[in-house]
Each structure stands twice: as structure tokens, then as C-alpha cells.
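Colleague: Sharing a structure here in C-alpha cells format.
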Amino acid sequence: MRNPEGIFLTDNLESLKNFNKSQYKLGIVERNALTGGDEFFNELMKKPFQVSGAVRKLFAKSDIAKLLEKTLSPDLRANEFFKQWLSDMEDVCKSFCELENIKDVAFWLGTKRGCSRYHVDNVPKRLLVTYAGRGTEWIPDMAADRTAFESGEPNEHIVKDTSALRHIRQWDVAVFRGFREGILHRTPDEALNGPSILLRLDHSSFLKKIDHSY
């Protein structure tokens, strides 16, 4: 599916596998938020946290639950919404495994995001989902000055048209192609100055050497 900004746009995770067949730099799966998340996430964000590790496609739910075991209180783990959220993260991990044709993914989930400058990721593809807080900010190529970016200039010189700035919505799944030709994106100011909950997935081979730009 195509839109005027030249991104791969779909409304279901199953279609994400077709992203590889396209030349698009950004793929977005538009989704509705699960009911009951606001209260749960507000409680979870009271203390900063981050967890990371390998999540296997065949055991995604149990692997994620184990990673979160020490982070979530018993009350939060017993919350019905947590079970739904866990299933959602399982589905997202499995979809990324299918997209990359891999058996496990490098999983990161946390409240602190710190990449204020527009950038591209040093990985082939990176998947991001913002569950709480402001979603990732990105610039369509037509509104970005790549020369300014490559020269190390500040954000105000990289953005040619501020009206063209876009944000990934909460719960939407975004897949960014990386390296030099990737689309420019950054952590928005609202997430830099306050808590949020971001899921980041990378190819498992990058588990130990990936950067932390998100």
C-alpha cells in the first residue's frame, strides 16, 4: 500500500512481510491501542526501567515474560492487561522474525530515550513501537537536507520544512531501513523530557554491537 509520502503503509502485521519486496525506507502498520493501557503504563512508568535480551520466535511470550519478571511488580504481572500486552509483543516479535527470516530477535524495552539528533540506524532494519508517550519523529526525504545531516549540522539545519514533520502513533509498528539511505528520525522532545515506553527490535546478530539510537 502506498501513500503520498512514499512509505509502506498497512493495517495488519501479516502484510508487513511484503515490506521486503518494496523499496520503501519506512514501513508502518497502523493499529488501534488495546483498551486499558493508560492506567497500566502510567503505573509502570513511575520508575525508569530497561530490559534487553534475545527473544526466540518459538518461545517469544515466555522469553519476554522472563525479561520483565524483575521489572514488573506482582500486581502488574497479574493485571489482565499485561497478558494482552504480552501477547501483542509476542506477535510483533514473530512478525519481525518472519520479515528478517530469523529465529530470534534482539529485544529492548524501556522508558528512557535519548537520541535528540536526526539520524539513521546502523542496522539493516529496526522495528519500533511506542506504547506510551510520544512516538518517534521522522522527516520525509523531500523535507530533509541530507547534506546538512551528513555534515553534522544541528536539527534546525536538517529540517527544510517543519510542517512536514511526522510522528509514529502510539501502538503503530514502524520498521526503518538503516544505514546511509535510511529515513531520518529522532526521539521527539516530549519523550526526551519525559517517560515513555518504547519497544525496539533488531536482527539478533546485532544483539551485542547495535547502537542505541532510537
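Letters A, B, ... go to the chains of the C-alpha cells in the order shown; residues in each chain start at 1; ligands are counted from 1 in the same order.
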I'd like to know which residues of segment 3-174 of chain A are strand (DSSP E or B) (by DSSP, run on the backbone); could you write them as a PyMOL selection string?
Modeller: chain A and resi 8-10+26-29+50-56+104-110+119+125-132+137-138+144+159+166-167+173-174
Colleague: Write the residues of the preceding selection, restricted to C-alpha atoms, as a PDB file, in the first residue's frame.
Modeller:
```pdb
ATOM      1  CA  PHE A   8       4.882   1.280   3.031  1.00  0.00           C
ATOM      2  CA  LEU A   9       1.566   1.555   4.850  1.00  0.00           C
ATOM      3  CA  THR A  10      -0.662  -1.290   6.014  1.00  0.00           C
ATOM      4  CA  LEU A  26       9.845   3.119   6.199  1.00  0.00           C
ATOM      5  CA  GLY A  27       7.040   0.675   6.815  1.00  0.00           C
ATOM      6  CA  ILE A  28       4.150   1.454   9.169  1.00  0.00           C
ATOM      7  CA  VAL A  29       1.473  -0.901  10.463  1.00  0.00           C
ATOM      8  CA  GLN A  50      15.041  -1.007  30.565  1.00  0.00           C
ATOM      9  CA  VAL A  51      15.328  -4.683  29.694  1.00  0.00           C
ATOM     10  CA  SER A  52      17.102  -6.331  26.798  1.00  0.00           C
ATOM     11  CA  GLY A  53      17.978  -9.772  25.530  1.00  0.00           C
ATOM     12  CA  ALA A  54      17.344 -12.370  22.864  1.00  0.00           C
ATOM     13  CA  VAL A  55      13.731 -13.360  22.234  1.00  0.00           C
ATOM     14  CA  ARG A  56      13.132 -16.589  20.330  1.00  0.00           C
ATOM     15  CA  ASP A 104      15.225 -14.826  17.353  1.00  0.00           C
ATOM     16  CA  VAL A 105      15.429 -11.056  17.759  1.00  0.00           C
ATOM     17  CA  ALA A 106      17.424  -8.558  19.812  1.00  0.00           C
ATOM     18  CA  PHE A 107      14.742  -7.200  22.152  1.00  0.00           C
ATOM     19  CA  TRP A 108      14.861  -3.886  24.051  1.00  0.00           C
ATOM     20  CA  LEU A 109      12.059  -2.311  26.073  1.00  0.00           C
ATOM     21  CA  GLY A 110      12.384   0.747  28.262  1.00  0.00           C
ATOM     22  CA  HIS A 119      19.827  10.048  12.369  1.00  0.00           C
ATOM     23  CA  LYS A 125      16.247  -2.735   9.724  1.00  0.00           C
ATOM     24  CA  ARG A 126      14.939  -1.604  13.091  1.00  0.00           C
ATOM     25  CA  LEU A 127      11.406  -2.040  14.415  1.00  0.00           C
ATOM     26  CA  LEU A 128       9.941   0.454  16.888  1.00  0.00           C
ATOM     27  CA  VAL A 129       6.654   0.543  18.783  1.00  0.00           C
ATOM     28  CA  THR A 130       5.806   3.342  21.210  1.00  0.00           C
ATOM     29  CA  TYR A 131       3.281   2.001  23.706  1.00  0.00           C
ATOM     30  CA  ALA A 132       3.168   5.119  25.892  1.00  0.00           C
ATOM     31  CA  GLU A 137       9.609  11.723  14.908  1.00  0.00           C
ATOM     32  CA  TRP A 138      10.614  11.341  11.260  1.00  0.00           C
ATOM     33  CA  ALA A 144      15.196  16.875   4.794  1.00  0.00           C
ATOM     34  CA  VAL A 159      14.753  20.122   8.544  1.00  0.00           C
ATOM     35  CA  ARG A 166       5.640  13.313  11.223  1.00  0.00           C
ATOM     36  CA  HIS A 167       5.313  11.137  14.340  1.00  0.00           C
ATOM     37  CA  VAL A 173       4.550  -0.670  14.300  1.00  0.00           C
ATOM     38  CA  ALA A 174       7.307   1.138  12.400  1.00  0.00           C
TER      39      ALA A 174
END
```
Colleague: List as a PyMOL selection string the protein and nucleic acid residues near segment 33-37 of chain A, meaning an atom at most 9 Å away when only C-alpha atoms are counted, but skip any in the same chain fewer than 4 places from it.
Modeller: chain A and resi 41-42+81-82+84-85+131-132+170-172
Colleague: Selected residues, C-alpha atoms, written as a compact mmCIF listing (two decimals), in the first residue's frame, please.
Modeller:
```txt
# COMPACT_ATOMS: atom_id res chain seq x y z
CA PHE A 41 1.53 2.14 31.66
CA ASN A 42 1.27 5.14 33.98
CA PHE A 81 -3.96 -6.03 30.51
CA PHE A 82 -0.41 -7.34 30.98
CA GLN A 84 -2.85 -8.82 26.40
CA TRP A 85 0.24 -6.63 26.10
CA TYR A 131 3.28 2.00 23.71
CA ALA A 132 3.17 5.12 25.89
CA GLN A 170 1.20 5.01 19.76
CA TRP A 171 0.89 1.26 19.11
CA ASP A 172 1.72 1.60 15.40
```
Colleague: Give the answer as one residue: which of A:Leu99, A:Met89, A:Val175, A:Leu44 has the shortest atom-to-atom distance to Leu76 of chain A, using only C-alpha atoms?
Modeller: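 The shortest atom-to-atom distance to Leu76 of chain A comes from A:Leu44.
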Colleague: So, counting only C-alpha atoms, which residue among A:Ala148, A:Val92, A:Ile158, A:Leu86 is closest to Ile64 of chain A?
Modeller: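 Between A:Ala148, A:Val92, A:Ile158, A:Leu86, the residue approaching Ile64 of chain A most closely is A:Leu86.
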Colleague: Using only C-alpha atoms, which of A:Thr147, A:Ser95, A:Thr71, A:Ser87 sits nearest Asn18 of chain A?
Modeller: A:Ser95
Colleague: Which neighbours of Arg146 of chain A fall inside 12 Å, counting only C-alpha atoms, when residues of the same chain fewer than 2 positions from it are skipped, and could you give them as a PyMOL selection string?
Modeller: chain A and resi 118-120+139-144+148-155+157-160+180-184
Colleague: Could you give me, as a list of chain:residue names, the residues within 10 Å of Ile102 of chain A, counting only C-alpha atoms and dropping anything in the same chain fewer than 6 positions from it?
Modeller: A:Arg56, A:Lys57, A:Lys94, A:Phe96, A:His203, A:Ser204, A:Ser205
Colleague: Could you write out that same residue set with N, CA and C atoms as a JSON list (two decimals), in the first residue's frame?
Modeller:
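In the end it all went to part.json:
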```
[["chain", "number", "residue", "atom", "x", "y", "z"],
["A", 56, "ARG", "N", 13.27, -15.56, 21.36],
["A", 56, "ARG", "CA", 13.13, -16.59, 20.33],
["A", 56, "ARG", "C", 11.72, -16.59, 19.75],
["A", 57, "LYS", "N", 11.64, -16.79, 18.45],
["A", 57, "LYS", "CA", 10.34, -16.78, 17.78],
["A", 57, "LYS", "C", 9.39, -17.82, 18.36],
["A", 94, "LYS", "N", 7.34, -12.01, 16.51],
["A", 94, "LYS", "CA", 7.22, -13.05, 15.50],
["A", 94, "LYS", "C", 7.16, -12.45, 14.09],
["A", 96, "PHE", "N", 8.55, -9.66, 13.11],
["A", 96, "PHE", "CA", 9.89, -9.21, 12.74],
["A", 96, "PHE", "C", 10.78, -10.39, 12.38],
["A", 203, "HIS", "N", 17.84, -7.23, 14.35],
["A", 203, "HIS", "CA", 18.31, -8.56, 13.98],
["A", 203, "HIS", "C", 19.15, -9.10, 15.14],
["A", 204, "SER", "N", 18.98, -10.38, 15.44],
["A", 204, "SER", "CA", 19.65, -10.98, 16.59],
["A", 204, "SER", "C", 21.17, -10.91, 16.49],
["A", 205, "SER", "N", 21.70, -10.86, 15.29],
["A", 205, "SER", "CA", 23.16, -10.80, 15.12],
["A", 205, "SER", "C", 23.74, -9.49, 15.63]]
```
Colleague: List as JSON, numbers by chain the protein and nucleic acid residues near Pro188 of chain A, meaning an atom at most 10 Å away when only C-alpha atoms are counted, but skip any in the same chain fewer than 4 places from it.
Modeller: {"A": [113, 114, 115, 116, 117, 118, 133, 134, 135, 136, 137, 138, 167, 192, 193, 214]}
Colleague: Counting only C-alpha atoms, what is within 10 Å of Gln23 of chain A, bar same-chain residues fewer than 3 positions away, as a list in words?
Modeller: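 In the requested format, the answer is Gly6, Ile7, Phe8, Phe19, Asn20, Leu26 and Arg177 of chain A.
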Colleague: Using only C-alpha atoms, pick whichever of A:Glu100, A:Asp38, A:Glu30, A:Glu156 has the shortest atom-to-atom distance to Lys17 of chain A.
Modeller: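 Under the stated criterion, the closest residue is A:Glu100.
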Colleague: Measuring atom to atom with only C-alpha atoms, identify which of A:Lys66, A:Lys25, A:Arg31, A:Lys103 is nearest to Gly178 of chain A.
Modeller: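 Distance minimum relative to Gly178 of chain A lands on A:Lys25.
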